[in-house]
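Novice: Structure: data.cif, mmCIF, C-alpha atoms.
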data_query
loop_
_atom_site.label_atom_id
_atom_site.label_comp_id
_atom_site.auth_asym_id
_atom_site.auth_seq_id
_atom_site.Cartn_x
_atom_site.Cartn_y
_atom_site.Cartn_z
CA MET A 1 -170.77 -133.78 -16.69
CA LYS A 2 -173.74 -133.07 -14.44
CA ALA A 3 -173.73 -129.86 -12.44
CA ILE A 4 -176.05 -127.47 -10.67
CA VAL A 5 -175.84 -123.98 -12.16
CA LEU A 6 -177.12 -121.04 -10.16
CA ARG A 7 -178.62 -118.79 -12.83
CA LYS A 8 -180.85 -116.72 -10.55
CA HIS A 9 -181.47 -116.24 -6.85
CA GLY A 10 -184.43 -117.78 -5.13
CA ASN A 11 -185.89 -120.74 -3.26
CA PRO A 12 -184.30 -124.23 -3.14
CA GLU A 13 -186.29 -125.32 -6.21
CA ILE A 14 -183.94 -123.36 -8.47
CA LEU A 15 -181.18 -125.93 -7.77
CA ILE A 16 -181.65 -127.95 -10.95
CA THR A 17 -179.16 -130.37 -12.49
CA GLU A 18 -177.81 -129.51 -15.94
CA GLU A 19 -175.42 -131.13 -18.42
CA LEU A 20 -172.21 -129.14 -18.91
CA ILE A 21 -169.02 -129.69 -20.86
CA ASP A 22 -166.24 -131.03 -18.64
CA PRO A 23 -163.97 -128.18 -17.50
CA VAL A 24 -160.33 -128.17 -18.60
CA PRO A 25 -157.59 -127.29 -16.10
CA GLY A 26 -155.43 -124.30 -16.99
CA ARG A 27 -151.92 -123.49 -15.88
CA GLY A 28 -151.46 -124.31 -12.20
CA GLU A 29 -154.83 -126.06 -11.96
CA VAL A 30 -156.13 -129.60 -11.49
CA LEU A 31 -159.35 -131.31 -12.56
CA ILE A 32 -161.07 -133.25 -9.77
CA SER A 33 -163.73 -135.93 -10.14
CA LEU A 34 -165.75 -135.28 -7.01
CA GLU A 35 -167.20 -137.97 -4.75
CA TYR A 36 -168.85 -135.66 -2.19
CA ALA A 37 -169.50 -131.95 -1.78
CA GLY A 38 -170.04 -130.27 1.57
CA ILE A 39 -172.96 -127.88 2.00
CA ASN A 40 -172.37 -124.77 4.07
CA TYR A 41 -174.79 -122.13 5.30
CA ALA A 42 -172.93 -119.78 2.99
CA ASP A 43 -174.34 -121.83 0.08
CA ILE A 44 -177.84 -121.05 1.34
CA LEU A 45 -177.05 -117.33 1.46
CA THR A 46 -175.44 -117.50 -1.99
CA ARG A 47 -178.57 -119.09 -3.44
CA LYS A 48 -180.62 -116.25 -1.95
CA GLY A 49 -178.25 -113.57 -3.24
CA LEU A 50 -177.22 -112.52 0.27
CA TYR A 51 -173.58 -113.61 0.38
CA GLY A 52 -171.01 -110.94 -0.37
CA TRP A 53 -168.14 -113.37 -0.99
CA SER A 54 -169.89 -115.30 -3.77
CA VAL A 55 -169.07 -114.88 -7.47
CA LYS A 56 -171.37 -113.36 -10.10
CA LEU A 57 -174.17 -115.33 -11.73
CA PRO A 58 -174.31 -117.73 -13.39
CA HIS A 59 -172.03 -120.12 -11.54
CA VAL A 60 -171.83 -123.59 -10.04
CA PRO A 61 -172.16 -123.17 -6.25
CA GLY A 62 -170.38 -125.12 -3.53
CA MET A 63 -167.17 -124.34 -1.66
CA GLU A 64 -165.71 -127.68 -0.62
CA GLY A 65 -165.52 -131.27 -1.74
CA CYS A 66 -163.50 -134.47 -1.88
CA GLY A 67 -162.48 -136.41 -4.96
CA VAL A 68 -159.73 -137.71 -7.22
CA ILE A 69 -157.49 -135.67 -9.52
CA VAL A 70 -158.11 -136.88 -13.09
CA ASP A 71 -156.21 -134.23 -15.08
CA THR A 72 -153.57 -131.57 -14.55
CA GLY A 73 -152.86 -128.27 -16.25
CA ALA A 74 -149.54 -126.88 -17.41
CA GLY A 75 -147.00 -126.43 -14.66
CA VAL A 76 -148.53 -129.08 -12.39
CA ASP A 77 -146.54 -132.22 -11.62
CA LYS A 78 -148.13 -135.28 -13.26
CA ASP A 79 -147.59 -137.16 -10.00
CA TYR A 80 -150.79 -135.52 -8.79
CA MET A 81 -152.79 -137.70 -11.16
CA GLY A 82 -154.94 -140.21 -9.28
CA LYS A 83 -154.46 -138.60 -5.87
CA LYS A 84 -157.50 -138.21 -3.66
CA VAL A 85 -157.71 -134.68 -2.26
CA ILE A 86 -159.86 -132.19 -0.39
CA ALA A 87 -160.59 -129.03 -2.36
CA GLY A 88 -161.80 -125.61 -1.35
CA SER A 89 -162.90 -122.77 -3.61
CA LYS A 90 -165.38 -119.91 -3.89
CA ASN A 91 -167.61 -122.07 -6.07
CA GLY A 92 -167.72 -125.08 -8.38
CA MET A 93 -168.33 -128.03 -6.05
CA TYR A 94 -171.95 -128.86 -6.92
CA ALA A 95 -170.70 -130.73 -9.97
CA GLU A 96 -169.32 -134.13 -10.92
CA LYS A 97 -166.04 -132.45 -11.89
CA THR A 98 -164.42 -129.20 -10.88
CA VAL A 99 -161.22 -127.27 -11.61
CA VAL A 100 -159.28 -125.64 -8.79
CA PRO A 101 -155.83 -124.03 -8.45
CA ILE A 102 -153.22 -126.41 -7.08
CA GLU A 103 -152.81 -124.24 -3.95
CA ARG A 104 -156.48 -124.83 -3.09
CA ILE A 105 -156.12 -128.56 -2.49
CA ILE A 106 -154.93 -130.43 0.59
CA PRO A 107 -154.29 -134.14 1.15
CA VAL A 108 -157.14 -136.30 2.42
CA ILE A 109 -156.98 -137.58 5.99
CA ASP A 110 -156.29 -141.29 5.59
CA LYS A 111 -158.41 -142.51 8.49
CA TYR A 112 -161.43 -140.52 7.25
CA SER A 113 -164.00 -141.78 4.78
CA SER A 114 -164.50 -139.72 1.62
CA GLY A 115 -167.59 -138.21 3.22
CA GLU A 116 -165.69 -137.23 6.36
CA ASN A 117 -162.98 -135.62 4.25
CA ALA A 118 -165.64 -133.58 2.43
CA ALA A 119 -167.08 -132.53 5.80
CA PHE A 120 -163.76 -131.41 7.22
CA LEU A 121 -162.32 -128.33 5.54
CA VAL A 122 -164.64 -125.38 6.19
CA ASN A 123 -165.95 -126.49 9.57
CA TYR A 124 -162.67 -127.39 11.22
CA MET A 125 -160.66 -124.53 9.75
CA THR A 126 -163.31 -122.02 10.82
CA SER A 127 -163.41 -123.47 14.33
CA TRP A 128 -159.62 -123.73 14.61
CA VAL A 129 -159.09 -120.12 13.57
CA ALA A 130 -161.86 -118.87 15.87
CA LEU A 131 -160.69 -120.83 18.91
CA PHE A 132 -156.91 -120.78 18.68
CA LYS A 133 -155.93 -117.91 16.38
CA MET A 134 -158.57 -115.40 17.46
CA ALA A 135 -159.88 -116.25 20.95
CA ARG A 136 -156.55 -117.85 21.96
CA VAL A 137 -158.34 -120.20 24.34
CA GLN A 138 -156.37 -121.92 27.08
CA PRO A 139 -156.95 -125.26 28.86
CA GLY A 140 -159.36 -124.84 31.76
CA GLU A 141 -161.15 -121.85 30.25
CA LYS A 142 -164.91 -121.92 29.86
CA VAL A 143 -166.05 -121.83 26.25
CA LEU A 144 -169.60 -121.35 24.95
CA VAL A 145 -170.52 -122.46 21.42
CA THR A 146 -173.82 -121.24 19.96
CA ALA A 147 -175.56 -123.25 17.20
CA ALA A 148 -173.44 -126.01 18.69
CA ALA A 149 -175.14 -128.91 16.86
CA GLY A 150 -174.23 -127.64 13.39
CA GLY A 151 -171.13 -128.34 11.34
CA VAL A 152 -168.94 -125.55 12.72
CA GLY A 153 -170.47 -125.96 16.18
CA THR A 154 -169.70 -129.66 16.54
CA ALA A 155 -166.18 -129.07 15.22
CA ALA A 156 -165.64 -126.34 17.81
CA LEU A 157 -166.89 -128.65 20.57
CA HIS A 158 -164.50 -131.40 19.47
CA LEU A 159 -161.50 -129.07 19.36
CA ALA A 160 -162.11 -127.09 22.54
CA SER A 161 -163.06 -130.06 24.73
CA ASN A 162 -160.04 -132.10 23.64
CA TYR A 163 -157.81 -129.09 24.29
CA GLY A 164 -158.92 -129.14 27.91
CA CYS A 165 -161.52 -126.37 27.97
CA GLU A 166 -164.80 -126.53 29.84
CA VAL A 167 -167.23 -126.44 26.93
CA TYR A 168 -170.92 -125.52 26.90
CA GLY A 169 -173.32 -125.41 23.98
CA MET A 170 -176.52 -123.78 22.85
CA ALA A 171 -178.98 -125.65 20.60
CA GLY A 172 -182.70 -125.68 19.82
CA SER A 173 -183.92 -129.17 20.80
CA LYS A 174 -183.30 -132.02 23.21
CA THR A 175 -181.96 -134.19 20.39
CA LYS A 176 -179.42 -131.53 19.49
CA ILE A 177 -178.42 -131.07 23.13
CA ASP A 178 -177.81 -134.81 23.41
CA LEU A 179 -175.60 -134.55 20.33
CA ILE A 180 -173.51 -131.67 21.62
CA LYS A 181 -172.92 -133.50 24.89
CA SER A 182 -171.62 -136.45 22.89
CA CYS A 183 -169.21 -134.01 21.17
CA GLY A 184 -167.63 -132.92 24.43
CA ALA A 185 -169.95 -130.31 25.93
CA ILE A 186 -170.30 -130.49 29.70
CA GLN A 187 -173.79 -129.10 29.46
CA GLY A 188 -176.22 -127.97 26.76
CA PHE A 189 -178.88 -125.25 26.92
CA ASN A 190 -181.95 -124.83 24.73
CA TYR A 191 -181.86 -121.25 23.42
CA ARG A 192 -185.59 -121.46 22.63
CA TYR A 193 -186.27 -121.22 26.37
CA SER A 194 -186.17 -117.74 27.86
CA ASN A 195 -184.15 -118.92 30.86
CA ALA A 196 -181.37 -120.57 28.82
CA PHE A 197 -178.74 -117.88 29.41
CA ARG A 198 -179.76 -117.46 33.05
CA ASP A 199 -179.23 -121.20 33.56
CA LEU A 200 -175.88 -120.96 31.76
CA MET A 201 -174.73 -118.22 34.14
CA VAL A 202 -175.90 -120.21 37.17
CA SER A 203 -173.91 -123.22 35.96
CA THR A 204 -170.75 -121.39 34.87
CA GLY A 205 -170.63 -118.01 36.58
CA GLY A 206 -169.67 -116.65 33.16
CA VAL A 207 -167.52 -117.84 30.28
CA ASP A 208 -164.12 -116.84 28.91
CA ALA A 209 -164.78 -117.30 25.19
CA VAL A 210 -167.79 -117.59 22.90
CA ILE A 211 -167.85 -118.98 19.37
CA GLU A 212 -170.96 -117.20 18.05
CA LEU A 213 -172.78 -118.41 14.95
CA VAL A 214 -176.32 -117.04 15.22
CA GLY A 215 -176.48 -113.27 15.62
CA GLY A 216 -179.46 -111.30 16.88
CA ASN A 217 -180.52 -111.85 20.46
CA ILE A 218 -178.25 -114.90 20.84
CA TYR A 219 -175.24 -112.69 20.10
CA ARG A 220 -176.41 -109.99 22.50
CA ARG A 221 -177.10 -112.47 25.32
CA SER A 222 -173.79 -114.22 24.69
CA LEU A 223 -171.95 -110.93 25.20
CA GLU A 224 -173.52 -110.69 28.65
CA THR A 225 -172.01 -114.02 29.70
CA LEU A 226 -168.38 -112.96 29.20
CA ASN A 227 -166.05 -112.76 32.18
CA PRO A 228 -163.43 -109.99 32.38
CA PHE A 229 -160.90 -110.54 29.54
CA GLY A 230 -163.53 -112.64 27.75
CA ARG A 231 -163.55 -112.89 23.95
CA ILE A 232 -166.44 -113.46 21.56
CA VAL A 233 -165.63 -114.50 17.99
CA VAL A 234 -168.42 -114.08 15.44
CA THR A 235 -168.17 -116.78 12.78
CA GLY A 236 -171.71 -116.87 11.38
CA PHE A 237 -175.13 -115.25 11.19
CA ALA A 238 -177.64 -118.14 11.11
CA SER A 239 -180.54 -115.93 12.19
CA LEU A 240 -180.25 -113.86 8.99
CA ASP A 241 -183.74 -113.69 7.49
CA LEU A 242 -183.46 -110.90 4.93
CA LYS A 243 -186.02 -110.99 2.14
CA LYS A 244 -185.12 -108.50 -0.57
CA TRP A 245 -188.76 -108.12 -1.61
CA ASN A 246 -189.92 -107.37 1.95
CA PRO A 247 -188.64 -104.00 3.27
CA LEU A 248 -189.85 -104.86 6.77
CA SER A 249 -187.31 -107.69 6.92
CA TRP A 250 -184.52 -105.18 6.26
CA ILE A 251 -185.14 -103.51 9.62
CA GLY A 252 -184.99 -106.81 11.54
CA THR A 253 -181.83 -107.84 9.73
CA TRP A 254 -180.17 -104.50 10.45
CA MET A 255 -181.03 -104.82 14.13
CA ASP A 256 -179.74 -108.39 14.34
CA ILE A 257 -176.29 -107.80 12.81
CA PRO A 258 -173.65 -108.38 15.53
CA ARG A 259 -172.09 -105.09 16.61
CA ALA A 260 -169.36 -103.97 18.96
CA ASN A 261 -169.83 -101.11 21.42
CA ILE A 262 -166.34 -99.91 22.32
CA ARG A 263 -167.53 -98.04 25.42
CA ASN A 264 -169.25 -101.08 26.88
CA MET A 265 -166.30 -103.29 25.94
CA ALA A 266 -163.93 -100.96 27.77
CA LYS A 267 -166.09 -101.00 30.91
CA ARG A 268 -165.97 -104.81 31.03
CA SER A 269 -162.52 -105.42 29.48
CA ILE A 270 -163.87 -107.80 26.85
CA ALA A 271 -163.14 -108.27 23.15
CA VAL A 272 -165.38 -108.72 20.11
CA MET A 273 -163.81 -110.35 17.05
CA ALA A 274 -164.92 -111.86 13.75
CA THR A 275 -163.45 -114.21 11.18
CA HIS A 276 -164.27 -115.49 7.68
CA ILE A 277 -161.85 -118.11 6.38
CA GLY A 278 -162.77 -117.37 2.77
CA TYR A 279 -161.44 -113.83 2.95
CA LEU A 280 -158.58 -114.96 5.20
CA LEU A 281 -157.26 -117.66 2.86
CA GLU A 282 -158.07 -115.91 -0.41
CA ASN A 283 -155.10 -113.57 -0.10
CA ASN A 284 -152.99 -115.80 2.16
CA PRO A 285 -152.84 -119.20 0.43
CA GLU A 286 -149.84 -120.23 2.52
CA LEU A 287 -152.08 -120.16 5.59
CA LEU A 288 -154.18 -123.01 4.19
CA LYS A 289 -151.33 -125.50 4.54
CA GLN A 290 -150.17 -124.05 7.85
CA ILE A 291 -153.60 -124.31 9.47
CA TYR A 292 -154.25 -127.72 7.91
CA ASP A 293 -150.98 -129.08 9.33
CA GLU A 294 -151.89 -127.85 12.82
CA ILE A 295 -155.39 -129.34 12.70
CA TYR A 296 -154.15 -132.60 11.16
CA GLU A 297 -151.78 -133.19 14.07
CA PHE A 298 -154.49 -132.38 16.61
CA ILE A 299 -157.29 -134.51 15.18
CA ASN A 300 -154.97 -137.48 14.79
CA LYS A 301 -153.80 -137.15 18.38
CA TYR A 302 -157.37 -137.16 19.71
CA ASP A 303 -159.02 -139.32 16.99
CA ILE A 304 -161.58 -136.66 16.10
CA HIS A 305 -164.09 -137.31 13.32
CA PRO A 306 -166.57 -134.84 11.76
CA VAL A 307 -170.26 -135.27 12.51
CA ILE A 308 -172.20 -136.02 9.31
CA GLY A 309 -175.88 -135.34 9.84
CA ALA A 310 -177.27 -136.19 6.41
CA VAL A 311 -176.16 -137.27 2.93
CA PHE A 312 -178.26 -136.44 -0.13
CA PRO A 313 -177.91 -137.66 -3.72
CA PHE A 314 -176.54 -134.93 -5.96
CA ASP A 315 -179.89 -134.37 -7.69
CA LYS A 316 -181.58 -133.74 -4.32
CA ALA A 317 -179.64 -130.59 -3.51
CA SER A 318 -182.88 -128.64 -3.08
CA GLU A 319 -183.98 -131.04 -0.32
CA ALA A 320 -180.61 -130.66 1.40
CA HIS A 321 -180.95 -126.86 1.36
CA ARG A 322 -184.48 -127.08 2.74
CA LEU A 323 -183.28 -129.25 5.61
CA ILE A 324 -180.57 -126.78 6.58
CA GLU A 325 -182.94 -123.82 6.34
CA SER A 326 -185.44 -125.62 8.58
CA ARG A 327 -182.87 -125.44 11.41
CA GLN A 328 -183.43 -129.19 11.92
CA SER A 329 -180.11 -130.36 10.49
CA THR A 330 -177.15 -131.45 12.61
CA GLY A 331 -173.46 -131.69 11.80
CA LYS A 332 -172.46 -131.52 8.15
CA VAL A 333 -174.88 -132.06 5.28
CA LEU A 334 -173.32 -133.58 2.17
CA LEU A 335 -174.10 -134.16 -1.49
CA LYS A 336 -172.96 -137.50 -2.89
CA PHE A 337 -172.10 -138.03 -6.55
#
Can you dump the structure from the file as structure tokens?

Specialist:
Amino acid sequence: MKAIVLRKHGNPEILITEELIDPVPGRGEVLISLEYAGINYADILTRKGLYGWSVKLPHVPGMEGCGVIVDTGAGVDKDYMGKKVIAGSKNGMYAEKTVVPIERIIPVIDKYSSGENAAFLVNYMTSWVALFKMARVQPGEKVLVTAAAGGVGTAALHLASNYGCEVYGMAGSKTKIDLIKSCGAIQGFNYRYSNAFRDLMVSTGGVDAVIELVGGNIYRRSLETLNPFGRIVVTGFASLDLKKWNPLSWIGTWMDIPRANIRNMAKRSIAVMATHIGYLLENNPELLKQIYDEIYEFINKYDIHPVIGAVFPFDKASEAHRLIESRQSTGKVLLKF
């Protein structure tokens, strides 16, 4: 089979296709012939050697994909053969075939294309957990989503707006702001303008929840927008620009890491939270099905579909990574086999 093997950390050019022997499923595992793989910002950090949840080198990167089960290991019902599924794992999805434990697969959503199914898992589970399990948003509350034109951002807009929240988004261009409005945002603000958060406060008077994906100054300014009893949930750090070979970048990265000041939180009666679905589901596999069932019911009720911003052939993974790093991408970026 063809696969991309991460043998060292570096620039996108290191993502080179290799020929590997097809993996064989062990006990409790299935072999999936993948049709699409989803690219997450975590894949970018993994390639750079900056992602603490990734596995040791060498490995095949990629955390989610959609495909068909073509073989089963011992202890797995043969009825799984031929089923199309969504799969999530720490790694292994930048390949024509991958092996995953049976508890790491979920059924495809019938009304979705294969690409939409590959774009679903990480983005919608992250947004669902942040909005409804952590922030516990309620209809009528004002919700701000930063990096709102990305994969997690557009998912959060879809979910919160259909739940009855007043949703606002931050993005870095007019095109992206037009997109987030189409995903349910009442208004979008360009964070590249110095008056973006001032204009947000004029329009809203403050917000009740923030889904924060950027870090740095965006995180700090977002904290200032919270009303009493407001909650901010950190789900990403897109501004991370650490270069291991440049000590000066270490200082900027340290300064930009989102932090909680308990004294200031107490004065304003606000909450700072964070979530990472990889760590969450790794030791709680039963939560995968529970959360999936909740989201499945919701997206079917409101006919929600993921935003797919770009699809690259499998051997163009380096170009896909460059697009995401350029901060020009929207929605989910996919690899197609």

Novice: Applied to the shown file, which residues does the PyMOL selection byres ((chain A and resi 220) around 12) return, written as a list of chain:residue names?

Specialist: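 So the PyMOL selection byres ((chain A and resi 220) around 12) ends up selecting A:Thr146, A:Phe197, A:Val210, A:Glu212, A:Leu213, A:Val214, A:Gly215, A:Gly216, A:Asn217, A:Ile218, A:Tyr219, A:Arg221, A:Ser222, A:Leu223, A:Glu224, A:Thr225, A:Leu226, A:Ile232, A:Val234, A:Met255, A:Asp256, A:Ile257, A:Pro258, A:Arg259, A:Ala260, A:Asn261, A:Val272.
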
Novice: Take the PyMOL selection byres ((chain A and resi 154) around 9), run it mentally on this structure, and tell me the resulting residues as number ranges by chain.

Specialist: A: 123, 145, 147-153, 155-159, 179-180, 183-184, 306-307, 330-331

Novice: Could you give me the axis-aligned bounding box of region 202-217 of chain A, with 5 Å of padding per side, as centre plus edge lengths in Å to one decimal, as AutoDock Vina command-line options?

Specialist:
--center_x -172.3 --center_y -117.3 --center_z 26.1 --size_x 26.4 --size_y 21.9 --size_z 32.2

Novice: Assuming the chain letters and numbering stay as they are in my file, what does the PyMOL selection byres ((chain A and resi 189) around 10) actually select? List them as number ranges by chain.

Specialist: A: 146, 148, 168-174, 176-177, 180, 187-188, 190-193, 195-200

Novice: Excluding Ala119 (chain A) and residues on its chain fewer than 2 positions from it, collect all residues at most 7 Å away from it, counting only C-alpha atoms, and give them as a PyMOL selection string.

Specialist: chain A and resi 38+115-117+121+306+332

Novice: Quick one, how far is CA of Ser203 (chain A) from CA of Glu141 (chain A)?

Specialist: 14.0 Å

Novice: Just to confirm, what's the straight-line distance from CA of Tyr94 (chain A) to CA of Ala317 (chain A) in Å (one decimal)?

Specialist: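 CA of Ala317 (chain A) lies at a distance of 8.6 Å from CA of Tyr94 (chain A).
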
Novice: Quick one: of A:His59, A:Arg231, A:Lys83, A:Lys316, who's nearest to Arg7 (chain A), counting all atoms listed in the file?

Specialist: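 Ranking A:His59, A:Arg231, A:Lys83, A:Lys316 by distance to Arg7 (chain A), first place goes to A:His59.
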
Novice: Mind pulling up the distance from CA of Val143 (chain A) to CA of Glu166 (chain A)?

Specialist: 6.0 Å
